[in-house]
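Reproduced below: structure_32.pdb, with PDB, C-alpha atoms.
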ATOM      1  CA  MET J   1       0.000   0.000   0.000
ATOM      2  CA  GLN J   2       1.430   3.340  -1.038
ATOM      3  CA  ASN J   3       1.658   6.187   1.450
ATOM      4  CA  LEU J   4      -0.591   9.137   0.694
ATOM      5  CA  THR J   5       1.081  12.483   1.250
ATOM      6  CA  ILE J   6      -1.111  15.560   1.463
ATOM      7  CA  VAL J   7       0.824  18.774   0.906
ATOM      8  CA  GLN J   8      -0.646  21.894   2.453
ATOM      9  CA  THR J   9       0.366  25.271   1.080
ATOM     10  CA  LEU J  10       0.204  27.959   3.752
ATOM     11  CA  THR J  11      -1.545  31.147   2.725
ATOM     12  CA  MET J  12      -3.141  34.086   4.454
ATOM     13  CA  SER J  13      -6.232  35.683   2.976
ATOM     14  CA  SER J  14      -6.631  39.401   2.442
ATOM     15  CA  ARG J  15      -9.739  39.166   4.639
ATOM     16  CA  GLU J  16      -7.726  37.808   7.573
ATOM     17  CA  ILE J  17      -5.096  40.507   7.033
ATOM     18  CA  ALA J  18      -7.876  43.093   7.163
ATOM     19  CA  GLU J  19      -9.185  41.616  10.435
ATOM     20  CA  LEU J  20      -5.719  41.515  11.996
ATOM     21  CA  THR J  21      -4.837  45.075  11.003
ATOM     22  CA  GLY J  22      -8.246  46.670  11.496
ATOM     23  CA  LYS J  23      -8.273  47.876   7.896
ATOM     24  CA  GLN J  24     -11.242  47.669   5.559
ATOM     25  CA  HIS J  25     -10.991  44.693   3.207
ATOM     26  CA  LYS J  26     -11.411  46.895   0.130
ATOM     27  CA  ASP J  27      -8.319  48.867   1.193
ATOM     28  CA  VAL J  28      -6.282  45.690   1.692
ATOM     29  CA  LEU J  29      -7.376  44.523  -1.782
ATOM     30  CA  ALA J  30      -6.191  47.828  -3.226
ATOM     31  CA  ASP J  31      -2.848  47.465  -1.417
ATOM     32  CA  CYS J  32      -2.502  43.935  -2.842
ATOM     33  CA  ARG J  33      -3.122  45.134  -6.394
ATOM     34  CA  LYS J  34      -0.502  47.886  -6.003
ATOM     35  CA  MET J  35       1.980  45.301  -4.729
ATOM     36  CA  PHE J  36       1.253  42.905  -7.625
ATOM     37  CA  GLU J  37       1.719  45.720 -10.132
ATOM     38  CA  ALA J  38       4.996  46.842  -8.518
ATOM     39  CA  LEU J  39       6.303  43.254  -8.528
ATOM     40  CA  ASN J  40       5.043  42.673 -12.080
ATOM     41  CA  ILE J  41       3.122  39.538 -11.138
ATOM     42  CA  GLN J  42      -0.388  38.445 -12.077
ATOM     43  CA  SER J  43      -2.949  39.212  -9.388
ATOM     44  CA  ALA J  44      -5.278  36.602 -10.897
ATOM     45  CA  ASP J  45      -2.848  33.873  -9.789
ATOM     46  CA  PHE J  46      -3.670  34.751  -6.168
ATOM     47  CA  SER J  47      -7.329  35.621  -6.626
ATOM     48  CA  ALA J  48     -10.098  33.619  -4.991
ATOM     49  CA  ASP J  49     -13.775  34.075  -4.214
ATOM     50  CA  TYR J  50     -15.722  33.782  -0.991
ATOM     51  CA  LYS J  51     -19.394  34.054  -0.092
ATOM     52  CA  ASP J  52     -20.734  36.286   2.647
ATOM     53  CA  SER J  53     -23.508  35.347   5.072
ATOM     54  CA  LYS J  54     -26.113  36.232   2.432
ATOM     55  CA  GLY J  55     -24.521  34.036  -0.227
ATOM     56  CA  ARG J  56     -23.100  36.930  -2.241
ATOM     57  CA  THR J  57     -19.752  36.323  -3.959
ATOM     58  CA  TYR J  58     -16.799  38.654  -3.431
ATOM     59  CA  GLN J  59     -13.099  38.613  -4.292
ATOM     60  CA  GLU J  60     -10.182  38.029  -1.966
ATOM     61  CA  PHE J  61      -6.467  37.313  -2.386
ATOM     62  CA  LEU J  62      -4.594  34.351  -0.888
ATOM     63  CA  LEU J  63      -0.972  35.329  -0.190
ATOM     64  CA  ASP J  64       2.054  33.196   0.665
ATOM     65  CA  GLN J  65       4.442  34.271   3.406
ATOM     66  CA  ASP J  66       6.728  36.370   1.180
ATOM     67  CA  LEU J  67       3.841  38.333  -0.318
ATOM     68  CA  THR J  68       2.117  38.710   3.045
ATOM     69  CA  MET J  69       5.220  40.211   4.631
ATOM     70  CA  THR J  70       5.875  42.376   1.583
ATOM     71  CA  LEU J  71       2.322  43.700   1.753
ATOM     72  CA  VAL J  72       2.447  44.703   5.420
ATOM     73  CA  MET J  73       5.928  46.221   5.104
ATOM     74  CA  GLY J  74       4.304  49.629   4.753
ATOM     75  CA  TYR J  75       2.023  49.157   7.768
ATOM     76  CA  SER J  76       2.844  50.170  11.321
ATOM     77  CA  ILE J  77       5.172  48.095  13.513
ATOM     78  CA  GLU J  78       2.244  47.013  15.685
ATOM     79  CA  LEU J  79       0.236  45.761  12.701
ATOM     80  CA  ARG J  80       3.263  44.012  11.184
ATOM     81  CA  HIS J  81       3.820  42.266  14.495
ATOM     82  CA  LYS J  82       0.212  41.004  14.593
ATOM     83  CA  VAL J  83       0.501  39.549  11.098
ATOM     84  CA  ALA J  84       3.920  37.974  11.808
ATOM     85  CA  LYS J  85       2.597  36.421  15.041
ATOM     86  CA  ARG J  86      -0.410  34.972  13.233
ATOM     87  CA  TRP J  87       1.829  33.548  10.515
ATOM     88  CA  ARG J  88       3.950  31.763  13.130
ATOM     89  CA  GLU J  89       0.742  30.263  14.545
ATOM     90  CA  LEU J  90      -0.176  28.946  11.091
ATOM     91  CA  GLU J  91       3.279  27.409  10.710
ATOM     92  CA  GLU J  92       3.070  25.715  14.107
ATOM     93  CA  GLN J  93      -0.341  24.285  13.276
ATOM     94  CA  ALA J  94       0.989  22.897   9.986
ATOM     95  CA  LYS J  95       3.960  21.250  11.779
ATOM     96  CA  LYS J  96       1.846  19.347  14.290
ATOM     97  CA  PRO J  97       2.212  15.627  13.576
ATOM     98  CA  ALA J  98      -0.905  13.653  12.778
ATOM     99  CA  ILE J  99       0.480  10.434  14.313
ATOM    100  CA  PRO J 100      -2.262   8.291  15.880
ATOM    101  CA  GLN J 101      -1.687   7.573  19.565
ATOM    102  CA  THR J 102      -4.110   4.631  19.927
ATOM    103  CA  TYR J 103      -5.159   1.652  17.836
ATOM    104  CA  PRO J 104      -8.683   3.062  17.180
ATOM    105  CA  ASP J 105      -7.078   6.347  16.087
ATOM    106  CA  ALA J 106      -4.829   4.396  13.699
ATOM    107  CA  LEU J 107      -7.844   2.622  12.228
ATOM    108  CA  ARG J 108      -9.657   5.916  11.764
ATOM    109  CA  LEU J 109      -6.588   7.428  10.085
ATOM    110  CA  ALA J 110      -6.296   4.428   7.743
ATOM    111  CA  ALA J 111      -9.965   4.775   6.812
ATOM    112  CA  GLU J 112      -9.569   8.524   6.235
ATOM    113  CA  LEU J 113      -6.514   7.947   4.019
ATOM    114  CA  ALA J 114      -8.405   5.322   2.011
ATOM    115  CA  GLU J 115     -11.332   7.718   1.579
ATOM    116  CA  GLU J 116      -8.960  10.529   0.574
ATOM    117  CA  LYS J 117      -7.274   8.289  -1.985
ATOM    118  CA  GLN J 118     -10.651   7.384  -3.445
ATOM    119  CA  ARG J 119     -11.697  11.017  -3.463
ATOM    120  CA  LEU J 120      -8.510  12.055  -5.283
ATOM    121  CA  ALA J 121      -9.114   9.341  -7.892
ATOM    122  CA  LEU J 122     -12.591  10.747  -8.509
ATOM    123  CA  VAL J 123     -11.190  14.290  -8.653
ATOM    124  CA  ASN J 124      -8.578  13.228 -11.223
ATOM    125  CA  LYS J 125     -11.262  11.577 -13.353
ATOM    126  CA  LYS J 126     -13.403  14.708 -13.110
ATOM    127  CA  GLN J 127     -10.454  16.899 -14.062
ATOM    128  CA  GLU J 128      -9.757  14.747 -17.121
ATOM    129  CA  GLU J 129     -13.372  15.210 -18.222
ATOM    130  CA  GLU J 130     -13.120  18.956 -17.644
ATOM    131  CA  ILE J 131      -9.843  19.283 -19.567
ATOM    132  CA  HIS J 132     -11.296  17.300 -22.483
ATOM    133  CA  CYS J 133     -14.379  19.514 -22.481
ATOM    134  CA  LEU J 134     -12.293  22.697 -22.320
ATOM    135  CA  GLN J 135     -10.181  21.568 -25.268
ATOM    136  CA  ASN J 136     -13.337  21.074 -27.307
ATOM    137  CA  LEU J 137     -14.803  24.441 -26.299
ATOM    138  CA  PHE J 138     -11.864  26.815 -26.685
ATOM    139  CA  GLN J 139     -10.955  28.128 -30.116
ATOM    140  CA  THR J 140      -8.362  30.751 -30.975
ATOM    141  CA  GLY J 141      -9.877  34.180 -31.592
ATOM    142  CA  MET J 142     -12.923  33.752 -29.363
ATOM    143  CA  THR J 143     -14.200  36.550 -27.144
ATOM    144  CA  PRO J 144     -15.001  35.763 -23.497
ATOM    145  CA  VAL J 145     -18.709  36.064 -24.290
ATOM    146  CA  GLN J 146     -18.473  33.645 -27.239
ATOM    147  CA  PHE J 147     -16.663  31.140 -25.025
ATOM    148  CA  CYS J 148     -19.225  31.453 -22.230
ATOM    149  CA  LYS J 149     -22.139  30.971 -24.626
ATOM    150  CA  GLN J 150     -21.042  27.328 -24.749
ATOM    151  CA  LEU J 151     -21.228  26.963 -20.966
ATOM    152  CA  ASN J 152     -24.600  25.720 -19.792
ATOM    153  CA  GLY J 153     -26.373  28.185 -17.506
ATOM    154  CA  VAL J 154     -24.075  31.220 -17.878
ATOM    155  CA  ASN J 155     -25.726  34.619 -18.234
ATOM    156  CA  VAL J 156     -23.431  35.964 -20.954
ATOM    157  CA  MET J 157     -24.788  39.501 -20.537
ATOM    158  CA  GLY J 158     -22.848  39.779 -17.286
ATOM    159  CA  VAL J 159     -19.556  38.137 -18.302
ATOM    160  CA  ASN J 160     -17.577  41.279 -19.180
ATOM    161  CA  LEU J 161     -18.857  43.086 -16.080
ATOM    162  CA  PHE J 162     -17.763  40.077 -14.009
ATOM    163  CA  LEU J 163     -14.266  40.296 -15.559
ATOM    164  CA  ALA J 164     -14.165  44.041 -14.886
ATOM    165  CA  GLU J 165     -15.047  43.423 -11.219
ATOM    166  CA  ARG J 166     -12.128  40.964 -11.093
ATOM    167  CA  ASN J 167      -9.805  43.681 -12.438
ATOM    168  CA  PHE J 168      -9.206  42.036 -15.839
ATOM    169  CA  LEU J 169     -11.080  44.586 -17.977
ATOM    170  CA  TYR J 170     -11.959  48.259 -17.831
ATOM    171  CA  ASP J 171     -14.322  50.505 -19.763
ATOM    172  CA  GLY J 172     -12.369  52.568 -22.282
ATOM    173  CA  GLN J 173     -15.460  54.583 -23.215
ATOM    174  CA  LYS J 174     -15.173  57.878 -21.357
ATOM    175  CA  GLU J 175     -18.428  59.443 -22.562
ATOM    176  CA  GLU J 176     -21.497  59.049 -20.390
ATOM    177  CA  ASN J 177     -24.550  57.131 -21.627
ATOM    178  CA  LYS J 178     -22.441  55.310 -24.202
ATOM    179  CA  PRO J 179     -22.062  51.525 -24.571
ATOM    180  CA  TYR J 180     -19.116  49.880 -22.829
ATOM    181  CA  GLU J 181     -15.882  49.733 -24.782
ATOM    182  CA  TRP J 182     -14.035  46.981 -22.976
ATOM    183  CA  ARG J 183     -10.247  47.102 -22.793
ATOM    184  CA  VAL J 184      -7.797  44.672 -21.169
ATOM    185  CA  LYS J 185      -5.836  45.720 -18.076
ATOM    186  CA  ALA J 186      -2.080  45.813 -18.759
ATOM    187  CA  TYR J 187      -1.133  43.026 -16.328
ATOM    188  CA  ALA J 188      -3.688  40.602 -17.875
ATOM    189  CA  ARG J 189      -2.830  41.373 -21.498
ATOM    190  CA  ASP J 190      -1.114  38.638 -23.499
ATOM    191  CA  LYS J 191      -1.549  36.077 -20.709
ATOM    192  CA  TYR J 192      -5.286  35.833 -20.112
ATOM    193  CA  PHE J 193      -6.646  38.128 -22.815
ATOM    194  CA  THR J 194      -5.497  40.199 -25.747
ATOM    195  CA  GLU J 195      -7.068  42.919 -27.883
ATOM    196  CA  MET J 196      -7.915  43.146 -31.564
ATOM    197  CA  VAL J 197      -8.622  46.400 -33.392
ATOM    198  CA  VAL J 198     -11.802  46.170 -35.474
ATOM    199  CA  THR J 199     -12.754  48.711 -38.146
ATOM    200  CA  VAL J 200     -16.398  49.212 -39.122
ATOM    201  CA  ASN J 201     -18.053  51.518 -41.676
ATOM    202  CA  THR J 202     -20.567  53.963 -40.236
ATOM    203  CA  GLU J 203     -22.551  56.887 -41.628
ATOM    204  CA  LYS J 204     -19.836  59.179 -40.309
ATOM    205  CA  GLY J 205     -17.052  57.119 -41.861
ATOM    206  CA  LYS J 206     -14.793  54.399 -40.567
ATOM    207  CA  LYS J 207     -14.658  53.787 -36.849
ATOM    208  CA  LYS J 208     -12.158  51.706 -34.916
ATOM    209  CA  PHE J 209     -12.893  49.898 -31.680
ATOM    210  CA  TYR J 210     -11.238  47.227 -29.561
ATOM    211  CA  GLU J 211     -12.463  43.670 -29.149
ATOM    212  CA  VAL J 212     -11.335  41.572 -26.183
ATOM    213  CA  ILE J 213      -9.937  38.205 -27.306
ATOM    214  CA  LEU J 214      -9.709  35.261 -24.963
ATOM    215  CA  LEU J 215      -6.429  33.368 -24.577
ATOM    216  CA  LYS J 216      -6.100  29.785 -23.360
ATOM    217  CA  GLU J 217      -5.085  30.746 -19.804
ATOM    218  CA  GLY J 218      -8.077  33.065 -19.664
ATOM    219  CA  ALA J 219     -10.338  30.241 -20.819
ATOM    220  CA  LYS J 220      -8.956  28.007 -18.044
ATOM    221  CA  TRP J 221      -9.578  30.759 -15.482
ATOM    222  CA  LEU J 222     -13.147  31.266 -16.672
ATOM    223  CA  TYR J 223     -13.852  27.543 -16.744
ATOM    224  CA  ARG J 224     -12.531  27.013 -13.201
ATOM    225  CA  HIS J 225     -14.850  29.730 -11.897
ATOM    226  CA  TYR J 226     -17.696  28.314 -13.975
ATOM    227  CA  LEU J 227     -17.319  24.932 -12.280
ATOM    228  CA  LYS J 228     -17.557  26.699  -8.919
ATOM    229  CA  GLY J 229     -20.790  28.357 -10.032
ATOM    230  CA  GLU J 230     -19.163  31.773  -9.641
ATOM    231  CA  LEU J 231     -19.773  33.183 -13.119
ATOM    232  CA  PRO J 232     -22.995  35.183 -13.642
ATOM    233  CA  MET J 233     -25.520  32.354 -13.832
ATOM    234  CA  LYS J 234     -29.104  32.364 -15.105
ATOM    235  CA  LYS J 235     -31.868  31.917 -12.543
ATOM    236  CA  SER J 236     -33.192  29.096 -14.737
ATOM    237  CA  TRP J 237     -29.865  27.193 -14.609
ATOM    238  CA  ASN J 238     -30.502  23.475 -14.045
ATOM    239  CA  LYS J 239     -27.242  23.035 -12.061
ATOM    240  CA  LEU J 240     -25.699  20.951 -14.854
ATOM    241  CA  PHE J 241     -22.289  21.964 -16.154
ATOM    242  CA  THR J 242     -21.386  21.653 -19.814
ATOM    243  CA  HIS J 243     -19.270  18.535 -19.402
ATOM    244  CA  ASP J 244     -22.072  16.976 -17.301
ATOM    245  CA  LYS J 245     -24.470  17.460 -20.199
ATOM    246  CA  TYR J 246     -21.971  15.935 -22.624
ATOM    247  CA  SER J 247     -21.566  12.941 -20.290
ATOM    248  CA  GLN J 248     -25.333  12.420 -20.155
ATOM    249  CA  VAL J 249     -25.610  12.495 -23.934
ATOM    250  CA  ALA J 250     -22.717  10.026 -24.251
TER     251      ALA J 250
END
Go ahead and express the file in the form of C-alpha cells.
Amino acid sequence: MQNLTIVQTLTMSSREIAELTGKQHKDVLADCRKMFEALNIQSADFSADYKDSKGRTYQEFLLDQDLTMTLVMGYSIELRHKVAKRWRELEEQAKKPAIPQTYPDALRLAAELAEEKQRLALVNKKQEEEIHCLQNLFQTGMTPVQFCKQLNGVNVMGVNLFLAERNFLYDGQKEENKPYEWRVKAYARDKYFTEMVVTVNTEKGKKKFYEVILLKEGAKWLYRHYLKGELPMKKSWNKLFTHDKYSQVA
C-alpha cells in the first residue's frame, strides 16, 4: 500500500489581514493590487472568491508568506507584528504531527486515508473530463462572451462586467450614456486576454474599436470559476455543467 502524502500550502487571505490590522478589506485589496503591479506579477494567480452570510460572492487574495510580509511592510510596527505572530501560529499548526496515539485512532486514520485516496481518484477523473471539455470548447480568436455561450447556464450579458469586477477589464469609453468599450488591463494582457482592433463603416465614416480576445489561460480561469458556479448564472440554470451534459448524452 502506497503512502498518501497531502501537501498543504500555507496562505493568508486578504480578509484575515484586514481583520488583523483593522483595515477595511477593500483597502487591503487595493494594497494587494498595487503590490502585484509593482512586482510585475499576475494578481489573478492569487485571486479567490468567498461568499458572505447572504450568499453573495466577493473577491479576496490568498498570499504566501513572502507576499504577506511584503504587503504589510508599509504598515505600522504594531500591525506588522500582529501579522507575523499569526503567521507563526499557522506554521506551528501545519507542523503538528498527525500520528495516531491509539489503535482506534490508527484505524480511523487508515480509513480517512483510504477515503482521501478514493476522493482524489474521482477528482482526477473529473479533471480529465473537464480538460477534455475545455479543449473542445476553446478556439483561438474567441471573445469571453463567445466562449461562455457554450457553458450551460451562464448569463453571458454579465460576463464582461464580471471580468471588470475581477480587475481584468476596464471601460475605455469615457463618454457618459455610451455603450461599454471593454479594454484589457495591462497586467492581464497577453496572458489571459489580448485585444484586436476592429474597423467598421458607419454613416460618419470608418470607426475603430477594440475587441477583447480570450487566450487559453483566460479560458482556463473562466472555466474554473464556472465549475464553482461563480460566473454570472441564469436563474433558470438546471445546475448541470457543460461537461455533465456531454456525459449524459454520451
TODO: Name the residues captured by the PyMOL selection byres ((chain J and resi 208) around 9) when it is applied to the shown file; answer as a list in words.
DONE: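 Matching residues under the PyMOL selection byres ((chain J and resi 208) around 9) are Val197, Val198, Thr199, Val200, Asn201, Lys206, Lys207, Phe209 and Tyr210 of chain J.
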Give me a file of those residues, with C-alpha atoms, as a JSON list (two decimals), keeping the file's coordinate frame.
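Listed below is the output, out_1.json:
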[["chain", "number", "residue", "atom", "x", "y", "z"],
["J", 197, "VAL", "CA", -8.62, 46.40, -33.39],
["J", 198, "VAL", "CA", -11.80, 46.17, -35.47],
["J", 199, "THR", "CA", -12.75, 48.71, -38.15],
["J", 200, "VAL", "CA", -16.40, 49.21, -39.12],
["J", 201, "ASN", "CA", -18.05, 51.52, -41.68],
["J", 206, "LYS", "CA", -14.79, 54.40, -40.57],
["J", 207, "LYS", "CA", -14.66, 53.79, -36.85],
["J", 209, "PHE", "CA", -12.89, 49.90, -31.68],
["J", 210, "TYR", "CA", -11.24, 47.23, -29.56]]
Open item on the list: Starting from the PyMOL selection byres ((chain J and resi 74) around 12), expand the selection into actual residues of this file and give them as a list in words.
Closed with: Thr21, Val28, Asp31, Cys32, Lys34, Met35, Thr68, Met69, Thr70, Leu71, Val72, Met73, Tyr75, Ser76, Ile77, Glu78, Leu79 and Arg80 of chain J
Open item on the list: Quick check, in Å to one decimal: how far apart do atom CA of J:Val145 and atom CA of J:Ala219 lie?
Closed with: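 Separation of atom CA of J:Val145 and atom CA of J:Ala219: 10.8 Å.
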- [ ] Might you spell out which residues the PyMOL selection byres ((chain J and resi 147-152) around 7) would select in the displayed file, as a ChimeraX atom specification?
- [x] /J:138,142-146,153-154,156,240-242
Open item on the list: Quick check, in Å to one decimal: how far apart do atom CA of J:Met12 and atom CA of J:Asp64 lie?
Closed with: 6.5 Å
TODO: For atom CA of J:Ser43 and atom CA of J:Glu217, determine how far apart the two atoms are, in Å to one decimal place.
DONE: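 Distance reported for this atom pair: 13.6 Å.
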Open item on the list: So, with only C-alpha atoms as the atoms that count, which of J:Gln65, J:Thr202, J:Gln173, J:Gln139 lies closest to J:Lys216?
Closed with: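 Looking at the shortest contact to J:Lys216, the residue is J:Gln139.
In this comparison, which uses all atoms listed in the file, the residue of J:Thr194, J:Asn167, J:Ser14, J:Asn136 approaching J:Glu37 most closely is J:Asn167.
Using only C-alpha atoms, the smallest distance between any of J:Glu230, J:Pro179, J:Leu10, J:Val159 and J:Gly55 comes from J:Glu230.
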Return stretch 131-142 of chain J, completed with all heavy atoms, as a PDB file, keeping the file's coordinate frame.
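And here is the file that came out, part.pdb:
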ATOM      1  N   ILE J 131     -10.887  18.888 -18.613  1.00  0.00           N
ATOM      2  CA  ILE J 131      -9.843  19.283 -19.567  1.00  0.00           C
ATOM      3  C   ILE J 131     -10.261  18.924 -20.990  1.00  0.00           C
ATOM      4  O   ILE J 131     -10.088  19.706 -21.923  1.00  0.00           O
ATOM      5  CB  ILE J 131      -8.502  18.608 -19.203  1.00  0.00           C
ATOM      6  CG1 ILE J 131      -7.950  19.191 -17.899  1.00  0.00           C
ATOM      7  CG2 ILE J 131      -7.483  18.779 -20.325  1.00  0.00           C
ATOM      8  CD1 ILE J 131      -6.776  18.431 -17.337  1.00  0.00           C
ATOM      9  N   HIS J 132     -10.834  17.725 -21.160  1.00  0.00           N
ATOM     10  CA  HIS J 132     -11.296  17.300 -22.483  1.00  0.00           C
ATOM     11  C   HIS J 132     -12.381  18.242 -22.993  1.00  0.00           C
ATOM     12  O   HIS J 132     -12.380  18.643 -24.162  1.00  0.00           O
ATOM     13  CB  HIS J 132     -11.826  15.872 -22.405  1.00  0.00           C
ATOM     14  CG  HIS J 132     -12.363  15.350 -23.707  1.00  0.00           C
ATOM     15  ND1 HIS J 132     -11.534  15.047 -24.779  1.00  0.00           N
ATOM     16  CD2 HIS J 132     -13.642  15.114 -24.125  1.00  0.00           C
ATOM     17  CE1 HIS J 132     -12.278  14.631 -25.795  1.00  0.00           C
ATOM     18  NE2 HIS J 132     -13.559  14.666 -25.425  1.00  0.00           N
ATOM     19  N   CYS J 133     -13.295  18.615 -22.096  1.00  0.00           N
ATOM     20  CA  CYS J 133     -14.379  19.514 -22.481  1.00  0.00           C
ATOM     21  C   CYS J 133     -13.828  20.886 -22.847  1.00  0.00           C
ATOM     22  O   CYS J 133     -14.241  21.490 -23.838  1.00  0.00           O
ATOM     23  CB  CYS J 133     -15.372  19.635 -21.327  1.00  0.00           C
ATOM     24  SG  CYS J 133     -16.862  20.561 -21.751  1.00  0.00           S
ATOM     25  N   LEU J 134     -12.875  21.375 -22.053  1.00  0.00           N
ATOM     26  CA  LEU J 134     -12.293  22.697 -22.320  1.00  0.00           C
ATOM     27  C   LEU J 134     -11.578  22.723 -23.668  1.00  0.00           C
ATOM     28  O   LEU J 134     -11.680  23.699 -24.420  1.00  0.00           O
ATOM     29  CB  LEU J 134     -11.321  23.060 -21.195  1.00  0.00           C
ATOM     30  CG  LEU J 134     -10.662  24.442 -21.277  1.00  0.00           C
ATOM     31  CD1 LEU J 134     -11.703  25.532 -21.243  1.00  0.00           C
ATOM     32  CD2 LEU J 134      -9.674  24.624 -20.133  1.00  0.00           C
ATOM     33  N   GLN J 135     -10.875  21.639 -23.986  1.00  0.00           N
ATOM     34  CA  GLN J 135     -10.181  21.568 -25.268  1.00  0.00           C
ATOM     35  C   GLN J 135     -11.161  21.630 -26.433  1.00  0.00           C
ATOM     36  O   GLN J 135     -10.862  22.199 -27.482  1.00  0.00           O
ATOM     37  CB  GLN J 135      -9.355  20.281 -25.340  1.00  0.00           C
ATOM     38  CG  GLN J 135      -8.126  20.284 -24.447  1.00  0.00           C
ATOM     39  CD  GLN J 135      -7.426  18.944 -24.397  1.00  0.00           C
ATOM     40  OE1 GLN J 135      -8.009  17.905 -24.703  1.00  0.00           O
ATOM     41  NE2 GLN J 135      -6.161  18.946 -24.004  1.00  0.00           N
ATOM     42  N   ASN J 136     -12.329  21.049 -26.258  1.00  0.00           N
ATOM     43  CA  ASN J 136     -13.337  21.074 -27.307  1.00  0.00           C
ATOM     44  C   ASN J 136     -14.020  22.430 -27.423  1.00  0.00           C
ATOM     45  O   ASN J 136     -14.500  22.804 -28.497  1.00  0.00           O
ATOM     46  CB  ASN J 136     -14.405  19.999 -27.050  1.00  0.00           C
ATOM     47  CG  ASN J 136     -13.862  18.596 -27.244  1.00  0.00           C
ATOM     48  OD1 ASN J 136     -12.893  18.394 -27.962  1.00  0.00           O
ATOM     49  ND2 ASN J 136     -14.471  17.630 -26.578  1.00  0.00           N
ATOM     50  N   LEU J 137     -14.082  23.165 -26.313  1.00  0.00           N
ATOM     51  CA  LEU J 137     -14.803  24.441 -26.299  1.00  0.00           C
ATOM     52  C   LEU J 137     -13.962  25.611 -26.788  1.00  0.00           C
ATOM     53  O   LEU J 137     -14.459  26.490 -27.487  1.00  0.00           O
ATOM     54  CB  LEU J 137     -15.299  24.742 -24.880  1.00  0.00           C
ATOM     55  CG  LEU J 137     -16.368  23.818 -24.307  1.00  0.00           C
ATOM     56  CD1 LEU J 137     -16.630  24.158 -22.852  1.00  0.00           C
ATOM     57  CD2 LEU J 137     -17.656  23.920 -25.108  1.00  0.00           C
ATOM     58  N   PHE J 138     -12.684  25.638 -26.388  1.00  0.00           N
ATOM     59  CA  PHE J 138     -11.864  26.815 -26.685  1.00  0.00           C
ATOM     60  C   PHE J 138     -11.348  26.805 -28.117  1.00  0.00           C
ATOM     61  O   PHE J 138     -10.842  25.795 -28.601  1.00  0.00           O
ATOM     62  CB  PHE J 138     -10.669  26.881 -25.728  1.00  0.00           C
ATOM     63  CG  PHE J 138      -9.732  28.015 -26.035  1.00  0.00           C
ATOM     64  CD1 PHE J 138     -10.093  29.321 -25.753  1.00  0.00           C
ATOM     65  CD2 PHE J 138      -8.507  27.784 -26.635  1.00  0.00           C
ATOM     66  CE1 PHE J 138      -9.241  30.376 -26.053  1.00  0.00           C
ATOM     67  CE2 PHE J 138      -7.645  28.827 -26.934  1.00  0.00           C
ATOM     68  CZ  PHE J 138      -8.018  30.130 -26.639  1.00  0.00           C
ATOM     69  N   GLN J 139     -11.501  27.936 -28.780  1.00  0.00           N
ATOM     70  CA  GLN J 139     -10.955  28.128 -30.116  1.00  0.00           C
ATOM     71  C   GLN J 139     -10.253  29.477 -30.175  1.00  0.00           C
ATOM     72  O   GLN J 139     -10.729  30.465 -29.600  1.00  0.00           O
ATOM     73  CB  GLN J 139     -12.066  28.084 -31.179  1.00  0.00           C
ATOM     74  CG  GLN J 139     -12.767  26.739 -31.286  1.00  0.00           C
ATOM     75  CD  GLN J 139     -13.866  26.748 -32.336  1.00  0.00           C
ATOM     76  OE1 GLN J 139     -13.858  27.558 -33.251  1.00  0.00           O
ATOM     77  NE2 GLN J 139     -14.822  25.839 -32.189  1.00  0.00           N
ATOM     78  N   THR J 140      -9.137  29.516 -30.863  1.00  0.00           N
ATOM     79  CA  THR J 140      -8.362  30.751 -30.975  1.00  0.00           C
ATOM     80  C   THR J 140      -9.211  31.849 -31.612  1.00  0.00           C
ATOM     81  O   THR J 140      -9.909  31.618 -32.599  1.00  0.00           O
ATOM     82  CB  THR J 140      -7.104  30.516 -31.832  1.00  0.00           C
ATOM     83  OG1 THR J 140      -6.334  29.464 -31.240  1.00  0.00           O
ATOM     84  CG2 THR J 140      -6.266  31.779 -31.924  1.00  0.00           C
ATOM     85  N   GLY J 141      -9.153  33.042 -31.041  1.00  0.00           N
ATOM     86  CA  GLY J 141      -9.877  34.180 -31.592  1.00  0.00           C
ATOM     87  C   GLY J 141     -11.231  34.428 -30.964  1.00  0.00           C
ATOM     88  O   GLY J 141     -11.919  35.382 -31.327  1.00  0.00           O
ATOM     89  N   MET J 142     -11.622  33.579 -30.013  1.00  0.00           N
ATOM     90  CA  MET J 142     -12.923  33.752 -29.363  1.00  0.00           C
ATOM     91  C   MET J 142     -12.893  34.929 -28.398  1.00  0.00           C
ATOM     92  O   MET J 142     -11.870  35.229 -27.794  1.00  0.00           O
ATOM     93  CB  MET J 142     -13.315  32.505 -28.575  1.00  0.00           C
ATOM     94  CG  MET J 142     -13.462  31.243 -29.362  1.00  0.00           C
ATOM     95  SD  MET J 142     -13.934  29.853 -28.280  1.00  0.00           S
ATOM     96  CE  MET J 142     -15.717  29.976 -28.410  1.00  0.00           C
TER      97      MET J 142
END
